[in-house]
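entry.txt follows; it contains compact mmCIF, C-alpha atoms.
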```
# COMPACT_ATOMS: atom_id res chain seq x y z
CA MET B 1 17.36 33.35 -5.09
CA ALA B 2 18.56 30.23 -6.91
CA GLY B 3 22.08 28.85 -6.63
CA ARG B 4 24.20 27.38 -9.40
CA ASN B 5 22.37 24.07 -9.21
CA GLY B 6 18.99 25.79 -9.47
CA ARG B 7 18.07 25.20 -5.81
CA THR B 8 16.74 28.14 -3.84
CA VAL B 9 17.27 28.87 -0.15
CA ARG B 10 13.70 27.70 0.37
CA ASP B 11 14.54 24.39 -1.34
CA LEU B 12 17.56 23.92 0.94
CA ARG B 13 15.51 24.61 4.06
CA ARG B 14 12.84 22.18 2.95
CA GLY B 15 15.48 19.54 2.24
CA ASN B 16 17.06 20.05 5.67
CA ARG B 17 13.69 19.77 7.40
CA THR B 18 12.93 16.61 5.43
CA ALA B 19 16.27 15.05 6.40
CA VAL B 20 15.79 15.74 10.12
CA LEU B 21 12.14 14.60 10.16
CA GLN B 22 12.93 11.35 8.37
CA ARG B 23 15.85 10.45 10.63
CA LEU B 24 13.80 11.15 13.76
CA TYR B 25 10.90 9.19 12.31
CA PHE B 26 12.81 6.05 11.38
CA ASP B 27 15.68 6.10 13.91
CA GLY B 28 14.49 8.32 16.77
CA PRO B 29 14.52 9.35 19.48
CA LEU B 30 17.85 11.02 18.71
CA SER B 31 19.80 13.89 20.21
CA ARG B 32 20.86 16.97 18.27
CA PHE B 33 24.41 15.64 18.46
CA GLU B 34 23.37 12.37 16.79
CA LEU B 35 21.32 14.13 14.12
CA GLY B 36 24.43 15.78 12.66
CA PRO B 37 26.16 12.65 11.31
CA ALA B 38 22.80 10.96 10.63
CA THR B 39 21.70 13.76 8.29
CA GLY B 40 25.03 15.16 7.08
CA LEU B 41 24.07 18.62 8.37
CA SER B 42 26.25 20.94 10.43
CA SER B 43 25.48 21.38 14.12
CA GLY B 44 24.26 24.91 13.41
CA SER B 45 21.89 23.72 10.70
CA VAL B 46 20.57 20.95 12.95
CA SER B 47 19.91 23.44 15.77
CA ASN B 48 18.05 25.81 13.44
CA VAL B 49 15.96 23.07 11.84
CA VAL B 50 15.09 21.48 15.18
CA ALA B 51 14.06 24.87 16.58
CA ASP B 52 11.74 25.40 13.59
CA LEU B 53 10.23 21.92 13.86
CA ILE B 54 9.62 22.32 17.61
CA ALA B 55 8.01 25.72 16.98
CA ASP B 56 5.74 24.07 14.38
CA GLY B 57 4.77 21.38 16.87
CA LEU B 58 6.21 18.57 14.73
CA VAL B 59 9.06 17.59 17.06
CA GLU B 60 9.07 17.25 20.83
CA GLU B 61 11.48 16.32 23.59
CA ALA B 62 11.55 12.67 24.67
CA GLY B 63 13.79 12.51 27.73
CA SER B 64 17.57 12.66 27.89
CA VAL B 65 20.68 10.47 27.92
CA ASP B 66 24.00 10.91 29.66
CA SER B 67 26.90 12.13 27.55
CA ASP B 68 30.61 11.51 28.03
CA GLY B 69 31.68 14.02 30.62
CA GLY B 70 29.16 16.68 29.70
CA ARG B 71 25.57 17.64 30.28
CA PRO B 72 22.86 15.09 29.48
CA ARG B 73 21.73 15.24 25.86
CA THR B 74 18.07 15.91 25.17
CA LEU B 75 16.39 13.32 22.96
CA LEU B 76 13.96 14.39 20.26
CA ARG B 77 11.16 12.56 18.47
CA VAL B 78 8.38 13.26 15.99
CA ALA B 79 5.28 14.42 17.87
CA PRO B 80 2.65 11.70 17.29
CA HIS B 81 -0.41 13.96 17.43
CA SER B 82 0.96 16.74 15.24
CA GLY B 83 -0.87 15.34 12.22
CA HIS B 84 -3.22 12.58 11.12
CA MET B 85 -3.65 10.47 8.00
CA ILE B 86 -6.42 8.20 6.73
CA GLY B 87 -5.69 4.98 4.85
CA VAL B 88 -8.33 3.23 2.75
CA ASP B 89 -8.18 -0.30 1.34
CA VAL B 90 -10.70 -1.00 -1.42
CA GLY B 91 -10.36 -4.76 -1.08
CA GLU B 92 -12.05 -7.80 -2.54
CA THR B 93 -14.35 -8.45 0.41
CA ARG B 94 -14.62 -5.11 2.18
CA VAL B 95 -13.68 -1.44 2.20
CA ARG B 96 -11.47 -0.81 5.23
CA VAL B 97 -10.81 2.75 6.49
CA GLU B 98 -8.31 3.53 9.26
CA LEU B 99 -7.26 6.76 10.95
CA PHE B 100 -3.63 7.07 12.09
CA ASP B 101 -1.57 9.61 13.97
CA LEU B 102 1.74 10.83 12.56
CA THR B 103 3.61 7.77 13.85
CA LEU B 104 1.06 5.45 12.16
CA THR B 105 -0.56 4.35 15.40
CA GLU B 106 -4.15 3.36 14.61
CA LEU B 107 -6.72 5.61 16.27
CA ALA B 108 -9.95 4.30 14.73
CA ARG B 109 -11.21 2.00 11.98
CA ALA B 110 -14.36 1.29 10.00
CA GLU B 111 -15.12 -1.72 7.80
CA HIS B 112 -17.86 -1.95 5.17
CA PRO B 113 -18.38 -5.44 3.70
CA LEU B 114 -18.94 -5.69 -0.05
CA THR B 115 -22.19 -7.49 -0.87
CA GLN B 116 -23.78 -8.49 -4.16
CA GLN B 117 -23.40 -4.94 -5.45
CA GLY B 118 -19.65 -5.56 -5.42
CA TYR B 119 -17.64 -2.86 -7.11
CA ASP B 120 -20.47 -0.56 -8.13
CA VAL B 121 -18.69 2.79 -8.26
CA GLU B 122 -21.27 4.76 -6.29
CA VAL B 123 -21.38 2.05 -3.60
CA ILE B 124 -17.59 2.10 -3.19
CA VAL B 125 -17.49 5.90 -3.07
CA GLY B 126 -20.25 5.85 -0.45
CA HIS B 127 -18.36 3.31 1.68
CA ILE B 128 -15.20 5.43 1.56
CA ARG B 129 -17.02 8.66 2.45
CA ASP B 130 -18.96 6.99 5.27
CA GLY B 131 -15.83 5.29 6.61
CA ILE B 132 -13.92 8.57 6.70
CA ALA B 133 -16.73 10.25 8.62
CA GLU B 134 -16.96 7.31 11.04
CA VAL B 135 -13.26 7.20 11.97
CA LEU B 136 -13.02 10.97 12.41
CA ALA B 137 -16.07 10.94 14.68
CA ALA B 138 -14.83 7.91 16.66
CA ALA B 139 -11.49 9.57 17.40
CA GLY B 140 -12.86 13.09 17.76
CA THR B 141 -10.35 14.31 15.19
CA ASP B 142 -10.67 17.66 13.46
CA PRO B 143 -10.78 17.01 9.67
CA GLY B 144 -8.61 20.08 9.20
CA ARG B 145 -5.72 18.27 10.91
CA LEU B 146 -5.59 15.61 8.20
CA LEU B 147 -2.43 15.53 6.11
CA GLY B 148 -4.36 13.60 3.50
CA VAL B 149 -6.38 10.52 2.60
CA GLY B 150 -4.57 7.62 0.91
CA VAL B 151 -6.61 5.07 -1.04
CA GLY B 152 -5.41 1.69 -2.35
CA VAL B 153 -7.50 0.34 -5.24
CA PRO B 154 -7.38 -2.59 -7.68
CA GLY B 155 -6.26 -1.66 -11.18
CA ILE B 156 -4.10 0.90 -12.94
CA VAL B 157 -4.19 4.45 -11.58
CA GLU B 158 -3.58 7.37 -13.92
CA HIS B 159 -2.91 10.83 -12.51
CA ALA B 160 -4.13 13.61 -14.78
CA GLU B 161 -3.65 17.29 -13.96
CA ASP B 162 -7.14 18.26 -15.03
CA ARG B 163 -8.99 15.22 -13.61
CA GLY B 164 -7.09 13.96 -10.59
CA ALA B 165 -6.69 10.22 -10.06
CA VAL B 166 -8.49 8.04 -12.62
CA VAL B 167 -8.78 4.27 -12.08
CA HIS B 168 -8.70 1.67 -14.87
CA GLY B 169 -9.85 -1.50 -13.12
CA GLN B 170 -10.64 -3.95 -15.89
CA THR B 171 -11.12 -6.93 -13.55
CA ILE B 172 -13.74 -5.08 -11.49
CA GLY B 173 -15.51 -3.35 -14.37
CA TRP B 174 -14.06 0.13 -13.83
CA ASP B 175 -13.22 1.98 -17.05
CA ALA B 176 -11.54 5.35 -16.48
CA VAL B 177 -13.38 6.01 -13.22
CA PRO B 178 -12.55 9.56 -11.95
CA LEU B 179 -12.35 8.35 -8.36
CA GLU B 180 -10.71 11.44 -6.88
CA ALA B 181 -13.33 13.75 -8.35
CA LEU B 182 -16.14 11.46 -7.21
CA LEU B 183 -14.77 11.42 -3.66
CA ARG B 184 -14.42 15.19 -3.61
CA SER B 185 -17.93 15.86 -4.82
CA GLY B 186 -20.07 15.85 -1.72
CA SER B 187 -17.11 15.34 0.62
CA GLN B 188 -17.31 16.95 4.04
CA LEU B 189 -13.52 17.28 4.23
CA PRO B 190 -11.92 20.70 3.73
CA ASP B 191 -10.77 21.40 0.17
CA SER B 192 -7.20 21.64 1.44
CA VAL B 193 -7.09 17.93 2.38
CA PRO B 194 -5.39 16.08 -0.49
CA TYR B 195 -6.30 12.60 -1.77
CA PHE B 196 -3.57 10.15 -2.79
CA ILE B 197 -4.94 7.25 -4.82
CA ASP B 198 -2.77 4.36 -6.00
CA ASN B 199 -2.76 0.66 -6.77
CA GLY B 200 -3.31 -1.55 -3.70
CA ALA B 201 -0.24 -3.67 -4.43
CA LYS B 202 1.85 -0.51 -4.40
CA THR B 203 0.46 0.62 -1.05
CA LEU B 204 1.16 -2.86 0.35
CA GLY B 205 4.72 -2.53 -0.99
CA GLN B 206 5.11 0.90 0.61
CA ALA B 207 4.11 -0.48 4.00
CA GLU B 208 6.40 -3.52 3.87
CA MET B 209 9.37 -1.45 2.68
CA TRP B 210 8.91 1.21 5.38
CA PHE B 211 7.97 -0.92 8.36
CA GLY B 212 7.87 -4.60 7.43
CA ALA B 213 9.99 -7.36 5.96
CA GLY B 214 11.32 -5.12 3.18
CA ARG B 215 13.26 -2.69 5.40
CA GLY B 216 16.87 -2.40 4.30
CA ALA B 217 16.34 -3.98 0.87
CA ARG B 218 17.31 -2.02 -2.24
CA ASN B 219 15.64 -4.32 -4.76
CA ALA B 220 12.43 -6.06 -3.75
CA VAL B 221 9.11 -7.28 -5.08
CA VAL B 222 6.08 -7.26 -2.79
CA VAL B 223 3.25 -9.52 -3.94
CA LEU B 224 -0.41 -8.94 -3.12
CA PHE B 225 -2.15 -12.33 -3.10
CA GLY B 226 -5.87 -11.92 -2.55
CA SER B 227 -8.87 -12.61 -4.73
CA GLY B 228 -6.51 -11.78 -7.57
CA VAL B 229 -2.77 -11.17 -7.58
CA GLY B 230 -0.61 -8.11 -8.12
CA ALA B 231 2.89 -6.92 -7.32
CA CYS B 232 4.92 -3.84 -6.46
CA LEU B 233 8.48 -3.46 -7.74
CA VAL B 234 10.97 -1.44 -5.65
CA THR B 235 14.42 -0.57 -7.01
CA PRO B 236 16.89 2.29 -6.39
CA GLU B 237 15.44 3.96 -9.50
CA VAL B 238 11.85 3.48 -8.28
CA GLU B 239 12.28 3.81 -4.52
CA HIS B 240 8.60 4.44 -3.80
CA GLY B 241 7.61 1.38 -5.81
CA ARG B 242 5.81 0.78 -9.09
CA ALA B 243 2.75 -1.41 -9.41
CA VAL B 244 3.05 -4.09 -12.07
CA GLU B 245 0.10 -6.06 -13.45
CA TRP B 246 1.83 -9.34 -12.64
CA GLY B 247 -1.44 -11.22 -12.31
CA HIS B 248 -2.05 -10.79 -16.03
CA LEU B 249 1.11 -12.43 -17.31
CA THR B 250 0.14 -15.33 -19.57
CA VAL B 251 1.13 -18.61 -17.91
CA ARG B 252 -0.87 -20.95 -20.13
CA VAL B 253 -1.71 -20.35 -23.79
CA ARG B 254 -5.45 -20.81 -24.41
CA GLY B 255 -5.85 -21.51 -20.69
CA ARG B 256 -8.62 -20.61 -18.25
CA ARG B 257 -10.42 -17.35 -18.83
CA CYS B 258 -9.32 -14.67 -16.40
CA ARG B 259 -11.76 -12.17 -14.94
CA CYS B 260 -9.99 -9.54 -17.06
CA GLY B 261 -11.33 -11.37 -20.13
CA ALA B 262 -8.04 -12.81 -21.42
CA LEU B 263 -7.07 -16.48 -21.48
CA GLY B 264 -4.35 -18.10 -19.37
CA CYS B 265 -3.46 -15.26 -16.96
CA LEU B 266 -1.62 -16.11 -13.76
CA GLU B 267 -4.59 -14.71 -11.84
CA ALA B 268 -6.85 -17.33 -13.45
CA TYR B 269 -4.82 -19.99 -11.62
CA ALA B 270 -3.22 -18.36 -8.58
CA GLY B 271 -5.83 -15.90 -7.26
CA ALA B 272 -8.11 -17.01 -4.41
CA GLU B 273 -11.22 -16.55 -6.57
CA SER B 274 -9.92 -18.92 -9.25
CA LEU B 275 -8.49 -21.31 -6.66
CA LEU B 276 -11.93 -21.78 -5.10
CA ALA B 277 -13.58 -22.06 -8.54
CA ARG B 278 -11.16 -24.81 -9.57
CA TRP B 279 -11.86 -26.70 -6.33
CA ALA B 280 -15.57 -26.69 -7.18
CA GLU B 281 -15.00 -27.59 -10.85
CA GLU B 282 -12.95 -30.62 -9.89
CA GLY B 283 -15.55 -32.00 -7.51
CA GLY B 284 -14.78 -30.19 -4.28
CA ARG B 285 -17.44 -28.77 -2.01
CA PRO B 286 -16.78 -25.11 -1.15
CA PRO B 287 -19.19 -23.81 1.52
CA GLN B 288 -22.11 -22.00 -0.08
CA GLY B 289 -23.18 -18.49 0.83
CA THR B 290 -19.86 -17.47 2.40
CA ASP B 291 -17.26 -14.90 1.44
CA GLU B 292 -13.95 -15.86 -0.13
CA GLU B 293 -11.97 -15.63 3.11
CA THR B 294 -14.30 -18.09 4.87
CA ALA B 295 -14.33 -20.41 1.86
CA LEU B 296 -10.53 -20.43 1.63
CA THR B 297 -10.30 -21.27 5.33
CA ALA B 298 -12.61 -24.23 4.71
CA MET B 299 -10.50 -25.36 1.76
CA LEU B 300 -7.32 -25.28 3.83
CA ALA B 301 -9.02 -27.25 6.62
CA ALA B 302 -10.14 -29.85 4.05
CA ALA B 303 -6.67 -30.16 2.50
CA TYR B 304 -4.76 -30.15 5.80
CA PRO B 305 -7.17 -31.57 8.41
CA ALA B 306 -6.33 -31.81 12.09
CA GLY B 307 -6.66 -34.87 14.29
CA GLY B 308 -5.72 -37.54 11.79
CA THR B 309 -8.74 -37.01 9.51
CA ALA B 310 -8.16 -37.93 5.86
CA ALA B 311 -7.34 -34.99 3.59
CA ASP B 312 -9.67 -33.94 0.79
CA PRO B 313 -7.56 -35.07 -2.23
CA VAL B 314 -9.22 -32.56 -4.57
CA ALA B 315 -8.53 -29.56 -2.28
CA LEU B 316 -4.97 -30.76 -1.70
CA SER B 317 -4.33 -31.24 -5.43
CA VAL B 318 -5.66 -27.79 -6.34
CA LEU B 319 -3.58 -26.12 -3.63
CA GLU B 320 -0.44 -27.93 -4.75
CA GLU B 321 -1.06 -26.92 -8.36
CA THR B 322 -1.67 -23.33 -7.25
CA ALA B 323 1.68 -23.34 -5.42
CA GLU B 324 3.36 -24.37 -8.66
CA TYR B 325 1.63 -21.66 -10.70
CA LEU B 326 2.49 -19.06 -8.08
CA GLY B 327 6.10 -20.23 -7.97
CA ALA B 328 6.33 -20.12 -11.76
CA GLY B 329 4.93 -16.59 -11.69
CA LEU B 330 7.52 -15.57 -9.12
CA SER B 331 10.25 -17.02 -11.34
CA ASP B 332 9.27 -14.48 -14.00
CA LEU B 333 9.77 -11.68 -11.47
CA ILE B 334 13.14 -13.18 -10.47
CA ASN B 335 14.35 -13.43 -14.08
CA LEU B 336 13.04 -9.99 -15.09
CA PHE B 337 14.03 -7.89 -12.06
CA GLN B 338 16.57 -9.96 -10.06
CA PRO B 339 15.26 -8.79 -6.67
CA GLU B 340 17.04 -9.59 -3.43
CA ARG B 341 13.71 -10.17 -1.66
CA ILE B 342 10.21 -11.27 -2.63
CA LEU B 343 7.54 -10.76 0.02
CA ILE B 344 4.08 -12.29 -0.17
CA GLY B 345 1.18 -10.44 1.49
CA GLY B 346 -2.53 -9.99 1.03
CA TRP B 347 -5.27 -11.83 2.91
CA ALA B 348 -4.99 -15.04 0.87
CA GLY B 349 -1.20 -15.08 1.07
CA LEU B 350 -1.38 -14.68 4.83
CA GLN B 351 -4.01 -17.42 5.17
CA LEU B 352 -1.99 -19.87 3.11
CA GLY B 353 1.02 -18.75 5.09
CA ALA B 354 3.95 -20.87 6.13
CA ARG B 355 2.27 -24.12 5.06
CA PHE B 356 2.22 -22.97 1.44
CA LEU B 357 5.57 -21.17 1.34
CA PRO B 358 8.07 -24.08 1.04
CA ALA B 359 6.35 -25.39 -2.10
CA VAL B 360 6.19 -21.91 -3.63
CA ARG B 361 9.91 -21.37 -2.95
CA ARG B 362 10.78 -24.75 -4.46
CA HIS B 363 8.86 -24.09 -7.66
CA ALA B 364 10.09 -20.50 -7.99
CA THR B 365 13.75 -21.52 -7.85
CA SER B 366 13.23 -24.51 -10.16
CA TYR B 367 11.66 -22.35 -12.88
CA ALA B 368 14.01 -19.35 -12.50
CA LEU B 369 17.52 -18.89 -13.84
CA ARG B 370 20.01 -20.26 -11.34
CA HIS B 371 22.11 -17.13 -10.74
CA PRO B 372 19.31 -14.69 -9.76
CA ALA B 373 17.43 -17.50 -7.96
CA GLU B 374 20.42 -18.11 -5.69
CA LYS B 375 20.37 -14.48 -4.55
CA VAL B 376 16.68 -14.03 -3.74
CA THR B 377 14.81 -14.79 -0.52
CA ILE B 378 11.06 -15.47 -0.59
CA ASP B 379 9.15 -14.79 2.63
CA LEU B 380 5.80 -13.65 3.94
CA GLY B 381 5.13 -9.99 4.68
CA ARG B 382 5.08 -9.01 8.34
CA LEU B 383 2.34 -6.42 8.56
CA GLY B 384 -0.76 -8.60 8.41
CA PRO B 385 -4.15 -7.79 6.90
CA ASP B 386 -3.87 -4.03 7.56
CA ALA B 387 -0.79 -3.59 5.37
CA VAL B 388 -2.70 -1.99 2.46
CA THR B 389 -4.35 0.62 4.68
CA VAL B 390 -1.02 1.36 6.41
CA GLY B 391 0.61 1.75 2.99
CA ALA B 392 -2.21 3.98 1.79
CA ALA B 393 -1.70 6.24 4.83
CA ILE B 394 2.02 6.38 4.02
CA LEU B 395 1.20 8.14 0.72
CA PRO B 396 0.18 11.46 2.38
CA LEU B 397 2.87 10.98 5.03
CA ALA B 398 5.62 10.62 2.41
CA ASP B 399 4.33 13.72 0.63
CA PHE B 400 4.31 15.62 3.94
CA PHE B 401 7.92 14.66 4.60
CA ALA B 402 8.96 15.56 1.04
CA ARG B 403 7.64 19.08 1.66
CA GLY B 404 9.66 19.37 4.85
CA GLY B 405 6.64 18.95 7.12
CA ARG B 406 4.63 21.70 5.44
CA ARG B 407 0.96 21.13 4.71
CA ALA B 408 -0.38 21.45 1.19
CA GLU B 409 -3.02 24.14 1.01
CA PRO B 410 -4.53 24.38 -2.49
CA THR B 411 -7.50 26.68 -2.71
CA ALA B 412 -11.00 25.65 -3.64
CA GLU B 413 -10.61 27.69 -6.84
CA ASP B 414 -7.62 25.55 -7.79
CA ARG B 415 -9.51 22.29 -7.30
CA LEU B 416 -13.11 22.84 -8.29
CA PRO B 417 -12.59 23.22 -12.06
CA ALA B 418 -10.83 19.84 -12.12
CA TRP B 419 -13.68 18.21 -10.21
CA ARG B 420 -16.24 19.63 -12.59
CA THR B 421 -14.29 18.56 -15.67
CA ALA B 422 -14.02 15.01 -14.39
CA LEU B 423 -17.60 14.75 -13.18
CA GLU B 424 -19.01 16.00 -16.47
CA GLU B 425 -17.55 12.83 -18.00
CA ARG B 426 -18.96 10.41 -15.44
CA ALA B 427 -22.17 9.50 -17.30
CA PRO B 428 -21.40 5.73 -17.31
CA TYR B 429 -21.42 5.71 -13.49
CA GLN B 430 -24.75 7.45 -12.92
```
What is this file in structure tokens?
Amino acid sequence: MAGRNGRTVRDLRRGNRTAVLQRLYFDGPLSRFELGPATGLSSGSVSNVVADLIADGLVEEAGSVDSDGGRPRTLLRVAPHSGHMIGVDVGETRVRVELFDLTLTELARAEHPLTQQGYDVEVIVGHIRDGIAEVLAAAGTDPGRLLGVGVGVPGIVEHAEDRGAVVHGQTIGWDAVPLEALLRSGSQLPDSVPYFIDNGAKTLGQAEMWFGAGRGARNAVVVLFGSGVGACLVTPEVEHGRAVEWGHLTVRVRGRRCRCGALGCLEAYAGAESLLARWAEEGGRPPQGTDEETALTAMLAAAYPAGGTAADPVALSVLEETAEYLGAGLSDLINLFQPERILIGGWAGLQLGARFLPAVRRHATSYALRHPAEKVTIDLGRLGPDAVTVGAAILPLADFFARGGRRAEPTAEDRLPAWRTALEERAPYQ
């Protein structure tokens, strides 16, 4: 039965379960007494919800604390092993797959380096499938206990009812790739296990906002600085974040050609791939036959040598110019969105790290309007190289919480027609 606002009793129960689960997850362990003011629920509602969640195995006791003049209060927490999630990062140098318990403790991981085949669709799909099988086997986890598989990918992700998640990754040569359908075809996971596919910058943003340097911020931009660059915008209106193709803002008319095909994109100057290419073009000597991460490490060592050795002037000049381009790009985000925090993550951002940050801050504030620039802080993310996989795993976790801790159980009949429709259109990838 629906009330005046259209909400049913079932909706109210789901909302109450969600409120209790989230407070225990982020602020627990908590007692039933503390959950009342934390959730806004009455003591009776808290008792009923907690009883249900304990019966479902989602909440467990975690000791007790003394109360003022009364009996000790029992503390409650989310049960770590009551569910599992998989996070996948389709990165520039590897496909990383990690298995987590409900509290996002890593249980197993698998890494598949990307070789000369690069972003061939079938290769990527194979790496993801193999990685999922590997982490489940390593941890001895029943696939049926998965709340879902989250996948962070480069490019724009479109969610279509009849086709699932479709990826438009112009910089990697993906044109309307039906990734969800491809993963489901031949998958050994139960049909009830959902896939959540989104832009990698958005999954990085999710992780930093939930557990990293973004906690407590209402308006933030989280930047993914890797082979290319991207960003995730978080505002009160878009609390789960929205990926923005920041790397393809034009920063120089008729400038360098970007890997997307356009001229003068920020990514053509500030991404690690272009940074290393410019070092070579200007007479530097990047190590041959190595991946980008190794080459960038060598470039940093050349520009900032230890032990009094003379710096490579070409490497130093290119890095300084890159800091200016990156700062100018951040100034656009400051002027457009007026965030209170900008966080820089991604493997290249973390490698450049604190040495690079002061110059980026200086250029960002010099190019931005004074008023919003005075209110923003620019820092590094805190979650390290696994942030994208953590954020990808948050996608099924957030969905699980939104449903009050109930698992989604679509039938095979619901899903298979969508797979077939999508796969019939996959001729370019065969």
Tell me, as an MDAnalysis selection string, which residues lie within 12 Å of Ser64 (chain B), counting only C-alpha atoms; anything in the same chain fewer than 2 positions away does not count. chainID B and resid 29:32 60:62 66:67 71:77
For Leu395 (chain B), the closest of B:Ala55, B:Ile197, B:Val20, B:Val9 counting all atoms listed in the file is B:Ile197
Please tell me which residues are no farther than 6 Å from (-10.8, -29.6, -0.4) in the file, counting only C-alpha atoms, and write them as a ChimeraX atom specification. /B:284,299,302-303,312,314-315
Tell me which protein, DNA and RNA residues are within 12 Å of Gly44 (chain B), counting only C-alpha atoms, leaving out same-chain ones fewer than 6 positions away, and put them as a compact mmCIF listing (two decimals) with C-alpha atoms, keeping the file's coordinate frame.
```txt
# COMPACT_ATOMS: atom_id res chain seq x y z
CA ASN B 16 17.06 20.05 5.67
CA ARG B 32 20.86 16.97 18.27
CA PHE B 33 24.41 15.64 18.46
CA LEU B 35 21.32 14.13 14.12
CA GLY B 36 24.43 15.78 12.66
CA VAL B 50 15.09 21.48 15.18
CA ALA B 51 14.06 24.87 16.58
```
Out of B:Ile378, B:Ala368, B:Val253, B:Ala270, which residue has the shortest atom-to-atom distance to Gly226 (chain B) when counting only C-alpha atoms? B:Ala270
Give me, please, the distance in Å between CA of Gly169 (chain B) and CA of Leu263 (chain B), quoted to one decimal. 17.4 Å
In the coordinates of the file, take the point (-15.4, -18.4, 5.7) and a cut-off of 12 Å; then, counting only C-alpha atoms, name each qualifying protein, DNA or RNA residue as a ChimeraX atom specification. /B:93,276,286-301,348,351
Distance query Val223 (chain B) at most 10 Å, only C-alpha atoms, self and fewer than 5 positions along chain excluded, as a ChimeraX atom specification: /B:201-202,204-205,229-233,243-244,246-247,330,342-346,349,380-381
Using only C-alpha atoms, please write the residues we just selected to a file, as a PDB file, in the frame of the given file.
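See again20.pdb below for the written result:
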```
ATOM      1  CA  ALA B 201      -0.240  -3.670  -4.430  1.00  0.00           C
ATOM      2  CA  LYS B 202       1.850  -0.510  -4.400  1.00  0.00           C
ATOM      3  CA  LEU B 204       1.160  -2.860   0.350  1.00  0.00           C
ATOM      4  CA  GLY B 205       4.720  -2.530  -0.990  1.00  0.00           C
ATOM      5  CA  VAL B 229      -2.770 -11.170  -7.580  1.00  0.00           C
ATOM      6  CA  GLY B 230      -0.610  -8.110  -8.120  1.00  0.00           C
ATOM      7  CA  ALA B 231       2.890  -6.920  -7.320  1.00  0.00           C
ATOM      8  CA  CYS B 232       4.920  -3.840  -6.460  1.00  0.00           C
ATOM      9  CA  LEU B 233       8.480  -3.460  -7.740  1.00  0.00           C
ATOM     10  CA  ALA B 243       2.750  -1.410  -9.410  1.00  0.00           C
ATOM     11  CA  VAL B 244       3.050  -4.090 -12.070  1.00  0.00           C
ATOM     12  CA  TRP B 246       1.830  -9.340 -12.640  1.00  0.00           C
ATOM     13  CA  GLY B 247      -1.440 -11.220 -12.310  1.00  0.00           C
ATOM     14  CA  LEU B 330       7.520 -15.570  -9.120  1.00  0.00           C
ATOM     15  CA  ILE B 342      10.210 -11.270  -2.630  1.00  0.00           C
ATOM     16  CA  LEU B 343       7.540 -10.760   0.020  1.00  0.00           C
ATOM     17  CA  ILE B 344       4.080 -12.290  -0.170  1.00  0.00           C
ATOM     18  CA  GLY B 345       1.180 -10.440   1.490  1.00  0.00           C
ATOM     19  CA  GLY B 346      -2.530  -9.990   1.030  1.00  0.00           C
ATOM     20  CA  GLY B 349      -1.200 -15.080   1.070  1.00  0.00           C
ATOM     21  CA  LEU B 380       5.800 -13.650   3.940  1.00  0.00           C
ATOM     22  CA  GLY B 381       5.130  -9.990   4.680  1.00  0.00           C
TER      23      GLY B 381
END
```
Measuring between all atoms listed in the file, which one of B:Leu147, B:Val78, B:Trp347, B:Val125 shows the shortest distance to Pro385 (chain B)?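 Using all atoms listed in the file, Pro385 (chain B) sits closest to B:Trp347.
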